[in-house]
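Raw model_35.tsv, TSV, C-alpha atoms (C1' of nucleotides):
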```
chain	number	residue	atom	x	y	z
A	685	MET	CA	68.07	84.43	128.15
A	686	TRP	CA	70.22	86.37	125.79
A	687	THR	CA	73.88	86.78	125.28
A	688	ILE	CA	74.85	90.19	124.06
A	689	ILE	CA	78.20	90.47	122.40
A	690	VAL	CA	79.64	93.92	122.21
A	691	HIS	CA	82.67	94.65	120.09
A	692	ILE	CA	84.69	97.39	121.66
A	693	GLY	CA	87.14	99.45	119.68
A	694	VAL	CA	88.21	99.11	116.10
A	695	GLY	CA	89.34	96.25	113.92
A	696	VAL	CA	91.08	93.85	116.19
A	697	SER	CA	94.43	93.60	114.55
A	698	MET	CA	96.67	94.42	111.67
A	699	GLU	CA	99.11	91.67	110.93
A	700	ILE	CA	102.52	91.98	109.46
A	701	ILE	CA	103.00	88.28	108.84
A	702	ARG	CA	100.38	86.85	106.50
A	703	ARG	CA	99.07	83.36	106.79
A	704	LYS	CA	100.86	82.19	103.67
A	705	THR	CA	104.13	83.34	105.19
A	706	GLU	CA	103.39	81.59	108.44
A	707	TYR	CA	102.62	78.43	106.47
A	708	GLY	CA	105.83	78.83	104.54
A	709	ILE	CA	107.86	79.20	107.69
A	710	ARG	CA	106.22	76.17	109.23
A	711	ALA	CA	107.08	74.18	106.13
A	712	LEU	CA	110.69	75.31	106.25
A	713	VAL	CA	110.96	74.46	109.92
A	714	HIS	CA	109.52	71.06	109.20
A	715	LEU	CA	112.08	70.46	106.48
A	716	ALA	CA	114.87	71.66	108.75
A	717	LEU	CA	113.78	69.09	111.29
A	718	HIS	CA	113.96	66.31	108.73
A	719	PRO	CA	117.32	66.82	107.05
A	720	GLY	CA	118.56	64.56	104.32
A	721	LYS	CA	115.06	63.35	103.57
A	722	GLU	CA	112.51	64.20	100.93
A	723	VAL	CA	109.27	65.16	102.58
A	724	THR	CA	106.05	65.24	100.62
A	725	ALA	CA	103.73	68.21	100.60
A	726	ALA	CA	101.04	65.95	102.01
A	727	GLU	CA	103.15	65.08	105.02
A	728	ILE	CA	103.98	68.70	105.74
A	729	ALA	CA	100.35	69.70	105.31
A	730	GLU	CA	99.23	67.09	107.79
A	731	GLU	CA	101.94	67.74	110.36
A	732	GLN	CA	101.74	71.50	110.18
A	733	ASP	CA	97.99	71.96	109.87
A	734	VAL	CA	98.07	73.62	106.48
A	735	PRO	CA	95.59	73.04	103.63
A	736	LEU	CA	97.41	70.80	101.17
A	737	GLU	CA	96.45	72.58	97.96
A	738	TYR	CA	97.45	75.91	99.37
A	739	LEU	CA	100.68	74.54	100.77
A	740	GLN	CA	101.59	73.29	97.32
A	741	LYS	CA	101.45	76.82	95.99
A	742	ILE	CA	103.57	78.00	98.86
A	743	LEU	CA	106.13	75.28	98.33
A	744	GLN	CA	106.32	76.21	94.67
A	745	LYS	CA	107.17	79.74	95.67
A	746	LEU	CA	109.77	78.56	98.12
A	747	THR	CA	111.21	76.36	95.39
A	748	ARG	CA	111.42	79.20	92.87
A	749	GLY	CA	112.92	81.32	95.61
A	750	GLY	CA	115.71	78.82	96.02
A	751	PHE	CA	114.98	77.88	99.62
A	752	VAL	CA	113.83	74.36	98.94
A	753	GLY	CA	114.51	71.77	96.30
A	754	ALA	CA	111.84	69.57	94.83
A	755	GLN	CA	112.01	66.03	93.56
A	756	ARG	CA	109.18	65.10	91.28
A	757	GLY	CA	107.65	61.71	90.73
A	758	ALA	CA	106.92	58.84	93.03
A	759	TYR	CA	108.92	58.92	96.26
A	760	GLY	CA	109.65	62.55	95.52
A	761	GLY	CA	109.24	65.47	97.87
A	762	PHE	CA	110.84	68.61	99.16
A	763	TYR	CA	114.07	69.28	100.96
A	764	LEU	CA	116.00	72.31	102.10
A	765	ALA	CA	118.19	73.72	99.37
A	766	LYS	CA	120.30	75.70	101.85
A	767	ASN	CA	121.57	75.17	105.34
A	768	PRO	CA	119.09	76.36	107.97
A	769	GLU	CA	121.55	78.97	109.19
A	770	GLU	CA	121.67	80.43	105.69
A	771	ILE	CA	117.95	81.16	105.59
A	772	ASN	CA	116.66	84.16	107.50
A	773	LEU	CA	113.18	85.34	108.23
A	774	LEU	CA	113.39	88.52	106.23
A	775	GLU	CA	114.19	86.66	103.03
A	776	VAL	CA	111.29	84.31	103.51
A	777	ILE	CA	108.84	87.05	104.40
A	778	GLU	CA	109.84	89.13	101.41
A	779	LEU	CA	109.64	86.17	99.09
A	780	MET	CA	106.13	85.40	100.26
A	781	GLN	CA	104.71	88.89	100.72
A	782	GLY	CA	106.89	91.16	98.70
A	783	LYS	CA	109.29	93.71	100.03
A	784	LEU	CA	108.45	94.75	103.56
A	785	ALA	CA	107.89	98.47	103.66
A	786	MET	CA	106.40	100.93	106.06
A	787	ASN	CA	104.71	102.78	103.27
A	788	LYS	CA	104.67	102.80	99.50
A	789	CYS	CA	105.68	106.46	99.39
A	790	PHE	CA	109.29	105.52	99.76
A	791	LEU	CA	109.54	102.68	97.33
A	792	GLY	CA	110.02	104.83	94.29
A	793	LYS	CA	108.88	107.80	92.28
A	794	ASP	CA	105.55	106.23	91.51
A	795	GLY	CA	104.48	105.36	95.02
A	796	CYS	CA	103.24	108.76	96.04
A	797	ASN	CA	103.15	112.04	94.22
A	798	ARG	CA	104.01	113.85	97.41
A	799	ALA	CA	107.27	111.95	97.80
A	800	PRO	CA	109.57	114.84	97.00
A	801	LYS	CA	108.17	116.85	99.87
A	802	CYS	CA	107.31	114.00	102.21
A	803	VAL	CA	108.91	114.47	105.60
A	804	LEU	CA	107.80	111.20	107.11
A	805	LYS	CA	110.24	109.50	104.80
A	806	TYR	CA	113.19	109.56	107.11
A	807	ASN	CA	111.33	108.04	110.01
A	808	TRP	CA	109.79	105.33	107.88
A	809	LEU	CA	113.10	104.39	106.36
A	810	GLN	CA	114.76	104.18	109.72
A	811	LEU	CA	112.01	101.96	111.05
A	812	GLU	CA	112.08	99.79	107.98
A	813	GLN	CA	115.76	99.23	108.43
A	814	ARG	CA	115.39	98.31	112.06
A	815	ILE	CA	112.66	95.82	111.38
A	816	ALA	CA	114.53	94.35	108.45
A	817	GLY	CA	117.68	94.14	110.52
A	818	PHE	CA	115.97	92.28	113.29
A	819	LEU	CA	114.15	89.90	110.98
A	820	SER	CA	117.29	89.12	109.03
A	821	GLN	CA	119.05	88.06	112.20
A	822	ILE	CA	116.59	85.28	112.92
A	823	THR	CA	117.54	82.20	110.96
A	824	LEU	CA	115.72	79.01	110.23
A	825	LEU	CA	118.28	77.30	112.45
A	826	ASP	CA	117.15	79.43	115.37
A	827	LEU	CA	113.55	78.48	114.81
A	828	ALA	CA	114.30	74.81	114.33
A	829	GLU	CA	116.38	74.72	117.48
A	830	GLN	CA	113.59	76.24	119.47
A	831	VAL	CA	111.25	73.61	118.17
A	832	ARG	CA	113.68	70.87	119.09
A	833	GLU	CA	114.18	72.31	122.54
A	834	GLY	CA	110.46	72.63	123.01
A	835	GLY	CA	110.04	69.13	121.73
A	836	LEU	CA	107.25	70.29	119.44
A	837	PRO	CA	105.78	70.05	116.86
A	838	GLY	CA	106.68	67.41	114.34
A	839	GLY	CA	110.13	67.11	115.75
A	840	GLY	CA	108.98	65.30	118.83
A	841	VAL	CA	106.92	62.27	119.68
A	842	LYS	CA	104.20	61.45	117.19
A	843	LYS	CA	100.63	61.08	118.36
B	854	MET	CA	104.14	99.55	67.32
B	855	TRP	CA	103.59	97.76	70.58
B	856	THR	CA	104.64	98.32	74.11
B	857	ILE	CA	105.16	95.16	76.07
B	858	ILE	CA	105.06	95.47	79.81
B	859	VAL	CA	106.67	92.69	81.76
B	860	HIS	CA	106.20	92.42	85.48
B	861	ILE	CA	109.27	90.91	87.07
B	862	GLY	CA	109.26	89.25	90.46
B	863	VAL	CA	106.54	88.91	93.00
B	864	GLY	CA	104.12	91.39	94.48
B	865	VAL	CA	106.09	94.53	94.79
B	866	SER	CA	105.55	95.36	98.39
B	867	MET	CA	103.81	94.62	101.60
B	868	GLU	CA	103.04	97.76	103.51
B	869	ILE	CA	102.72	98.13	107.24
B	870	ILE	CA	101.25	101.62	107.10
B	871	ARG	CA	97.95	101.75	105.22
B	872	ARG	CA	96.87	104.71	103.22
B	873	LYS	CA	94.17	105.66	105.69
B	874	THR	CA	96.79	105.82	108.41
B	875	GLU	CA	99.08	107.92	106.28
B	876	TYR	CA	96.16	110.24	105.60
B	877	GLY	CA	95.39	110.39	109.30
B	878	ILE	CA	98.95	111.27	110.14
B	879	ARG	CA	99.05	113.96	107.48
B	880	ALA	CA	95.88	115.43	108.94
B	881	LEU	CA	97.33	115.41	112.44
B	882	VAL	CA	100.53	117.04	111.24
B	883	HIS	CA	98.49	119.67	109.50
B	884	LEU	CA	96.55	120.41	112.66
B	885	ALA	CA	99.75	120.54	114.67
B	886	LEU	CA	101.05	123.16	112.28
B	887	HIS	CA	97.95	125.28	112.77
B	888	PRO	CA	97.51	125.41	116.52
B	889	GLY	CA	94.69	127.34	118.14
B	890	LYS	CA	92.70	127.31	114.95
B	891	GLU	CA	89.80	125.27	113.70
B	892	VAL	CA	90.68	123.78	110.35
B	893	THR	CA	87.99	122.38	108.08
B	894	ALA	CA	88.17	118.95	106.56
B	895	ALA	CA	88.06	120.59	103.15
B	896	GLU	CA	91.18	122.63	103.87
B	897	ILE	CA	93.09	119.61	105.13
B	898	ALA	CA	91.96	117.57	102.16
B	899	GLU	CA	93.18	120.19	99.76
B	900	GLU	CA	96.48	120.89	101.47
B	901	GLN	CA	97.33	117.26	102.11
B	902	ASP	CA	96.14	115.71	98.87
B	903	VAL	CA	93.51	113.48	100.44
B	904	PRO	CA	90.04	112.75	99.02
B	905	LEU	CA	87.67	114.86	101.10
B	906	GLU	CA	84.96	112.27	101.65
B	907	TYR	CA	87.48	109.71	102.78
B	908	LEU	CA	89.28	112.19	104.99
B	909	GLN	CA	86.02	112.93	106.75
B	910	LYS	CA	85.76	109.31	107.78
B	911	ILE	CA	89.33	109.38	108.99
B	912	LEU	CA	88.79	112.55	110.97
B	913	GLN	CA	85.74	110.99	112.59
B	914	LYS	CA	87.90	108.12	113.73
B	915	LEU	CA	90.54	110.47	115.05
B	916	THR	CA	87.81	112.38	116.86
B	917	ARG	CA	86.38	109.27	118.50
B	918	GLY	CA	89.91	108.25	119.35
B	919	GLY	CA	90.36	111.47	121.26
B	920	PHE	CA	93.19	112.88	119.17
B	921	VAL	CA	91.24	115.71	117.64
B	922	GLY	CA	88.27	117.78	118.64
B	923	ALA	CA	85.54	118.81	116.24
B	924	GLN	CA	83.42	121.90	116.12
B	925	ARG	CA	80.25	121.51	114.13
B	926	GLY	CA	78.35	124.16	112.25
B	927	ALA	CA	79.44	127.12	110.20
B	928	TYR	CA	82.98	128.23	110.96
B	929	GLY	CA	83.57	124.90	112.59
B	930	GLY	CA	86.43	122.54	111.99
B	931	PHE	CA	88.96	120.30	113.65
B	932	TYR	CA	91.72	120.97	116.15
B	933	LEU	CA	94.17	118.88	118.13
B	934	ALA	CA	92.66	117.62	121.36
B	935	LYS	CA	96.10	116.88	122.84
B	936	ASN	CA	99.49	118.44	122.69
B	937	PRO	CA	101.56	117.17	119.76
B	938	GLU	CA	104.11	115.66	122.12
B	939	GLU	CA	101.37	113.60	123.73
B	940	ILE	CA	100.42	111.86	120.51
B	941	ASN	CA	102.67	109.08	119.26
B	942	LEU	CA	102.71	107.14	116.04
B	943	LEU	CA	101.85	103.81	117.58
B	944	GLU	CA	98.61	105.13	119.03
B	945	VAL	CA	97.56	106.61	115.74
B	946	ILE	CA	98.46	103.53	113.74
B	947	GLU	CA	96.60	101.26	116.11
B	948	LEU	CA	93.57	103.51	116.13
B	949	MET	CA	93.45	103.47	112.34
B	950	GLN	CA	94.46	99.89	111.60
B	951	GLY	CA	93.87	97.97	114.78
B	952	LYS	CA	96.48	96.52	117.03
B	953	LEU	CA	99.77	96.03	115.26
B	954	ALA	CA	100.79	92.41	115.47
B	955	MET	CA	103.27	90.17	113.79
B	956	ASN	CA	100.77	87.39	113.58
B	957	LYS	CA	97.29	86.59	114.82
B	958	CYS	CA	98.54	83.45	116.56
B	959	PHE	CA	99.62	85.45	119.54
B	960	LEU	CA	96.65	87.69	119.99
B	961	GLY	CA	94.66	85.21	121.96
B	962	LYS	CA	93.30	81.71	122.22
B	963	ASP	CA	91.22	82.11	119.10
B	964	GLY	CA	93.89	83.33	116.75
B	965	CYS	CA	95.38	79.99	115.91
B	966	ASN	CA	94.60	76.50	117.10
B	967	ARG	CA	98.29	75.68	117.15
B	968	ALA	CA	99.01	78.44	119.65
B	969	PRO	CA	99.77	76.19	122.60
B	970	LYS	CA	102.56	74.49	120.68
B	971	CYS	CA	103.67	77.41	118.55
B	972	VAL	CA	107.35	78.07	118.95
B	973	LEU	CA	107.55	81.13	116.78
B	974	LYS	CA	105.63	82.96	119.44
B	975	TYR	CA	108.60	84.21	121.37
B	976	ASN	CA	110.29	85.70	118.34
B	977	TRP	CA	107.13	87.35	117.12
B	978	LEU	CA	106.40	88.87	120.48
B	979	GLN	CA	109.89	90.22	120.81
B	980	LEU	CA	109.71	91.79	117.37
B	981	GLU	CA	106.29	93.22	118.05
B	982	GLN	CA	107.58	94.88	121.16
B	983	ARG	CA	110.54	96.38	119.37
B	984	ILE	CA	108.44	97.80	116.59
B	985	ALA	CA	105.86	99.10	119.03
B	986	GLY	CA	108.58	100.63	121.15
B	987	PHE	CA	110.10	102.43	118.25
B	988	LEU	CA	106.81	103.69	116.90
B	989	SER	CA	105.68	104.90	120.30
B	990	GLN	CA	108.78	107.03	120.60
B	991	ILE	CA	107.95	109.09	117.54
B	992	THR	CA	105.55	111.86	118.48
B	993	LEU	CA	103.44	114.19	116.43
B	994	LEU	CA	105.70	116.96	117.68
B	995	ASP	CA	108.70	115.26	116.05
B	996	LEU	CA	106.89	115.01	112.75
B	997	ALA	CA	105.61	118.57	112.87
B	998	GLU	CA	109.06	119.89	113.69
B	999	GLN	CA	110.54	118.08	110.76
B	1000	VAL	CA	107.92	119.61	108.52
B	1001	ARG	CA	108.67	123.05	109.88
B	1002	GLU	CA	112.39	122.55	109.42
B	1003	GLY	CA	111.83	121.30	105.91
B	1004	GLY	CA	109.52	124.24	105.31
B	1005	LEU	CA	106.95	121.91	103.76
B	1006	PRO	CA	104.10	121.14	103.27
B	1007	GLY	CA	101.29	123.34	104.41
B	1008	GLY	CA	103.46	124.93	107.04
B	1009	GLY	CA	105.41	126.91	104.55
B	1010	VAL	CA	104.67	129.43	101.87
B	1011	LYS	CA	101.33	129.02	100.16
B	1012	LYS	CA	101.23	128.67	96.41
C	557	DC	C1'	66.16	130.87	108.48
C	558	DC	C1'	70.13	130.06	105.60
C	559	DT	C1'	74.54	128.27	105.02
C	560	DA	C1'	78.69	125.99	106.31
C	561	DT	C1'	80.15	122.55	108.60
C	562	DG	C1'	80.72	117.76	111.00
C	563	DT	C1'	78.16	112.90	111.72
C	564	DG	C1'	76.60	108.47	110.63
C	565	DG	C1'	75.03	104.92	107.77
C	566	DA	C1'	74.81	102.67	103.55
C	567	DC	C1'	76.78	101.78	99.48
C	568	DT	C1'	80.31	100.57	95.62
C	569	DA	C1'	84.83	99.45	93.67
C	570	DT	C1'	89.23	97.53	93.84
C	571	DT	C1'	92.66	94.71	95.58
C	572	DA	C1'	94.75	91.18	98.46
C	573	DT	C1'	94.40	87.03	100.63
C	574	DA	C1'	93.08	82.43	101.10
C	575	DG	C1'	91.81	78.51	99.12
C	576	DT	C1'	90.36	75.05	95.38
C	577	DC	C1'	90.44	72.42	91.08
C	578	DC	C1'	92.26	70.12	87.31
C	579	DA	C1'	95.16	68.79	83.49
C	580	DC	C1'	99.82	67.73	82.95
C	581	DA	C1'	104.88	66.53	83.66
C	582	DT	C1'	108.09	63.57	85.95
C	583	DT	C1'	109.96	59.64	88.20
C	584	DG	C1'	110.47	55.14	90.65
C	585	DA	C1'	108.75	50.61	90.98
C	586	DT	C1'	106.83	46.61	88.90
D	9	DA	C1'	105.68	49.86	79.08
D	10	DT	C1'	102.70	50.98	82.46
D	11	DC	C1'	101.03	52.54	86.83
D	12	DA	C1'	100.90	55.20	90.79
D	13	DA	C1'	102.78	58.82	93.46
D	14	DT	C1'	104.35	63.00	93.27
D	15	DG	C1'	105.37	68.10	92.00
D	16	DT	C1'	103.94	72.07	88.41
D	17	DG	C1'	101.26	75.57	86.45
D	18	DG	C1'	97.19	77.86	85.27
D	19	DA	C1'	92.63	79.06	86.06
D	20	DC	C1'	89.24	79.64	89.08
D	21	DT	C1'	86.29	80.97	93.38
D	22	DA	C1'	85.47	82.93	97.94
D	23	DT	C1'	86.24	86.06	101.52
D	24	DA	C1'	87.91	90.02	103.55
D	25	DA	C1'	90.18	94.40	103.73
D	26	DT	C1'	90.93	98.66	101.83
D	27	DA	C1'	89.70	102.72	99.51
D	28	DG	C1'	86.41	105.60	98.27
D	29	DT	C1'	81.59	107.66	97.48
D	30	DC	C1'	76.93	109.30	98.49
D	31	DC	C1'	73.31	111.17	100.98
D	32	DA	C1'	70.26	112.46	104.70
D	33	DC	C1'	70.78	114.64	108.95
D	34	DA	C1'	72.50	117.32	113.10
D	35	DT	C1'	74.42	121.60	114.63
D	36	DA	C1'	76.03	126.19	115.08
D	37	DG	C1'	76.98	131.02	113.50
D	38	DG	C1'	75.41	134.94	111.01
```
As structure tokens, please, write out the structure in this file.
Amino acid sequence: MWTIIVHIGVGVSMEIIRRKTEYGIRALVHLALHPGKEVTAAEIAEEQDVPLEYLQKILQKLTRGGFVGAQRGAYGGFYLAKNPEEINLLEVIELMQGKLAMNKCFLGKDGCNRAPKCVLKYNWLQLEQRIAGFLSQITLLDLAEQVREGGLPGGGVKK
Amino acid sequence: MWTIIVHIGVGVSMEIIRRKTEYGIRALVHLALHPGKEVTAAEIAEEQDVPLEYLQKILQKLTRGGFVGAQRGAYGGFYLAKNPEEINLLEVIELMQGKLAMNKCFLGKDGCNRAPKCVLKYNWLQLEQRIAGFLSQITLLDLAEQVREGGLPGGGVKK
DNA sequence: CCTATGTGGACTATTATAGTCCACATTGAT
DNA sequence: ATCAATGTGGACTATAATAGTCCACATAGG
């Protein structure tokens, strides 16, 4: 007997949030749930299901971006460098992925040689602003509170 | 004498609209501006600054997606298979790039093994719906009208 | 039958993403 | 002073997506 798998349609999805960003957000949420404590990359990796080596790179970026502080050496670790309500999703996404844009055409003169006569520009810009506006309204505090309310993960009972 | 180029900051941008989608939209706009006529891929490529061979692939996708019709053979070409007001940006983007999603986690069971306990889900879904809603409200007619009002490109005076 | 056109498949090139590895710097504890 | 635990930085690989190209073929009009 055979099983025939048929893929209907085109590529399944096109994601706005990359995995590294998702990992970064998970890490930040984890830190927000453990205030006043230095948490090691290893602990975050384990609790949040993120490859340790990769997470380290991500934490370095978050550190350079000013979202977390790092304490080196034994008993060191990471901690939030700002209050959770002072960190919003847009900032984190743009730190991890670069500026969120609908289309390169509108980023500058060099993006697209048709820019001067490009009429899609207005629509793209408007959309960009809406998305950015919405993302910037969601703070790390919001996310952390939802985790606490849900009782998961990492903030609740350990296995 | 030397020129030293320094790249400051992170990756410059993260684009939601891919080039192929932009090309596809340009092609659709072009067709909308030339109703009742069969336009060859070569003409669209020239007028819209798109590599011909690549545009052909894009037009094939648009054809299979039901947005344009194709007439083979000499004197053949492409034409809109729907009225411009019946084609919206979301449909085109999703045909070209796949379903627009914030994050794979929420696409199904397989996207992410943390899905059952993922608390970001609600926020992502809400954002997805807003973006989709906005994109689905912009029709090809809107874009074509803006081009006509602007007098550019392809709808205006030829060089 | 010739030519202009779209179709479909295979192919390459480039870039982004995801992930890994290792030498090194720092710090607390002993 | 030394050791072990930790973060840092650079180089590296692997995989996938995107962008683009090439060619044989199908089709339709003249």
So, with all atoms listed in the file as the atoms that count, which of A:Gln821, A:Gln740, A:Asn772, A:Asn787 lies closest to chain C?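 Closest residue, counting all atoms listed in the file: A:Gln740.
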Would you pick out the contacts of range 584-586 of chain C at 10 Å or less, using all atoms listed in the file, so that residues sharing its chain but fewer than 3 positions from it are not included, and give the list as number ranges by chain? A: 757-760; D: 10-13
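With all atoms listed in the file as the atoms that count, the residue of B:Met955, B:Leu978, B:Ala934, B:Val882 with the shortest distance to chain A is B:Met955.
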For DC567 in chain C, which residue out of D:DG38, D:DC33, D:DG28, D:DT23 is the nearest one, using all atoms listed in the file?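 Of D:DG38, D:DC33, D:DG28, D:DT23, the one nearest DC567 in chain C, counting all atoms listed in the file, is D:DG28.
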What residues in chain A lie within 12 Å of chain C, counting only C-alpha atoms (C1' of nucleotides), written as a ChimeraX atom specification? /A:701-705,707,734-742,754-761,780-781
Gap from CA of Leu912 in chain B to CA of Glu981 in chain B - Å, one decimal: 27.0 Å
Please report the interatomic distance between CA of Leu953 in chain B and CA of Leu746 in chain A in Å with one decimal.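 Separating CA of Leu953 in chain B from CA of Leu746 in chain A is a distance of 26.4 Å.
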So what do you get for CA of Leu943 in chain B versus CA of Pro888 in chain B, distance-wise?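 Taking CA of Leu943 in chain B as the start and CA of Pro888 in chain B as the end point, the length is 22.1 Å.
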Mind listing whatever residues come within 7 Å of the point (101.4, 67.9, 94.2)? Use all atoms listed in the file, file coordinates, and give them as a list in words.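 It turns out the residues near that spot are Ala725 and Gln740 of chain A; DT14 and DG15 of chain D.
For the set A:Ala729, A:Leu779, A:Ile700, A:Leu773, the residue with the smallest atom-to-atom gap to Gly750 in chain A is A:Leu779, counting all atoms listed in the file.
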Which residue out of A:Lys721, A:Thr747, A:Lys783, A:Ala828 has the minimum interatomic distance to chain B when only C-alpha atoms are used? A:Lys783
Which residue gives the smallest distance to chain D among A:Gln830, A:Asn807, A:Ser697, A:Gln744, with only C-alpha atoms (C1' of nucleotides) counted? A:Gln744
Will you give me range 874-885 of chain B, written with N, CA and C atoms and laid out as a PDB file, in the first residue's frame?
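Everything below was put into out07.pdb:
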```pdb
ATOM      1  N   THR B 874       7.214  39.542  -6.098  1.00  0.00           N
ATOM      2  CA  THR B 874       5.866  40.047  -5.865  1.00  0.00           C
ATOM      3  C   THR B 874       5.718  41.448  -6.435  1.00  0.00           C
ATOM      4  N   GLU B 875       6.717  42.254  -6.183  1.00  0.00           N
ATOM      5  CA  GLU B 875       6.736  43.605  -6.749  1.00  0.00           C
ATOM      6  C   GLU B 875       6.624  43.530  -8.266  1.00  0.00           C
ATOM      7  N   TYR B 876       7.411  42.642  -8.868  1.00  0.00           N
ATOM      8  CA  TYR B 876       7.351  42.470 -10.315  1.00  0.00           C
ATOM      9  C   TYR B 876       5.949  42.057 -10.746  1.00  0.00           C
ATOM     10  N   GLY B 877       5.379  41.132 -10.001  1.00  0.00           N
ATOM     11  CA  GLY B 877       4.038  40.658 -10.328  1.00  0.00           C
ATOM     12  C   GLY B 877       3.022  41.783 -10.265  1.00  0.00           C
ATOM     13  N   ILE B 878       3.140  42.602  -9.261  1.00  0.00           N
ATOM     14  CA  ILE B 878       2.205  43.715  -9.111  1.00  0.00           C
ATOM     15  C   ILE B 878       2.386  44.718 -10.245  1.00  0.00           C
ATOM     16  N   ARG B 879       3.637  44.993 -10.572  1.00  0.00           N
ATOM     17  CA  ARG B 879       3.887  45.907 -11.698  1.00  0.00           C
ATOM     18  C   ARG B 879       3.246  45.384 -12.970  1.00  0.00           C
ATOM     19  N   ALA B 880       3.388  44.066 -13.175  1.00  0.00           N
ATOM     20  CA  ALA B 880       2.813  43.464 -14.384  1.00  0.00           C
ATOM     21  C   ALA B 880       1.298  43.610 -14.377  1.00  0.00           C
ATOM     22  N   LEU B 881       0.686  43.359 -13.231  1.00  0.00           N
ATOM     23  CA  LEU B 881      -0.769  43.474 -13.140  1.00  0.00           C
ATOM     24  C   LEU B 881      -1.219  44.907 -13.385  1.00  0.00           C
ATOM     25  N   VAL B 882      -0.487  45.847 -12.807  1.00  0.00           N
ATOM     26  CA  VAL B 882      -0.826  47.255 -13.014  1.00  0.00           C
ATOM     27  C   VAL B 882      -0.729  47.587 -14.503  1.00  0.00           C
ATOM     28  N   HIS B 883       0.316  47.093 -15.105  1.00  0.00           N
ATOM     29  CA  HIS B 883       0.494  47.353 -16.528  1.00  0.00           C
ATOM     30  C   HIS B 883      -0.689  46.816 -17.331  1.00  0.00           C
ATOM     31  N   LEU B 884      -1.097  45.607 -17.021  1.00  0.00           N
ATOM     32  CA  LEU B 884      -2.228  45.018 -17.732  1.00  0.00           C
ATOM     33  C   LEU B 884      -3.510  45.808 -17.473  1.00  0.00           C
ATOM     34  N   ALA B 885      -3.652  46.268 -16.247  1.00  0.00           N
ATOM     35  CA  ALA B 885      -4.856  47.045 -15.907  1.00  0.00           C
ATOM     36  C   ALA B 885      -4.902  48.350 -16.696  1.00  0.00           C
TER      37      ALA B 885
END
```
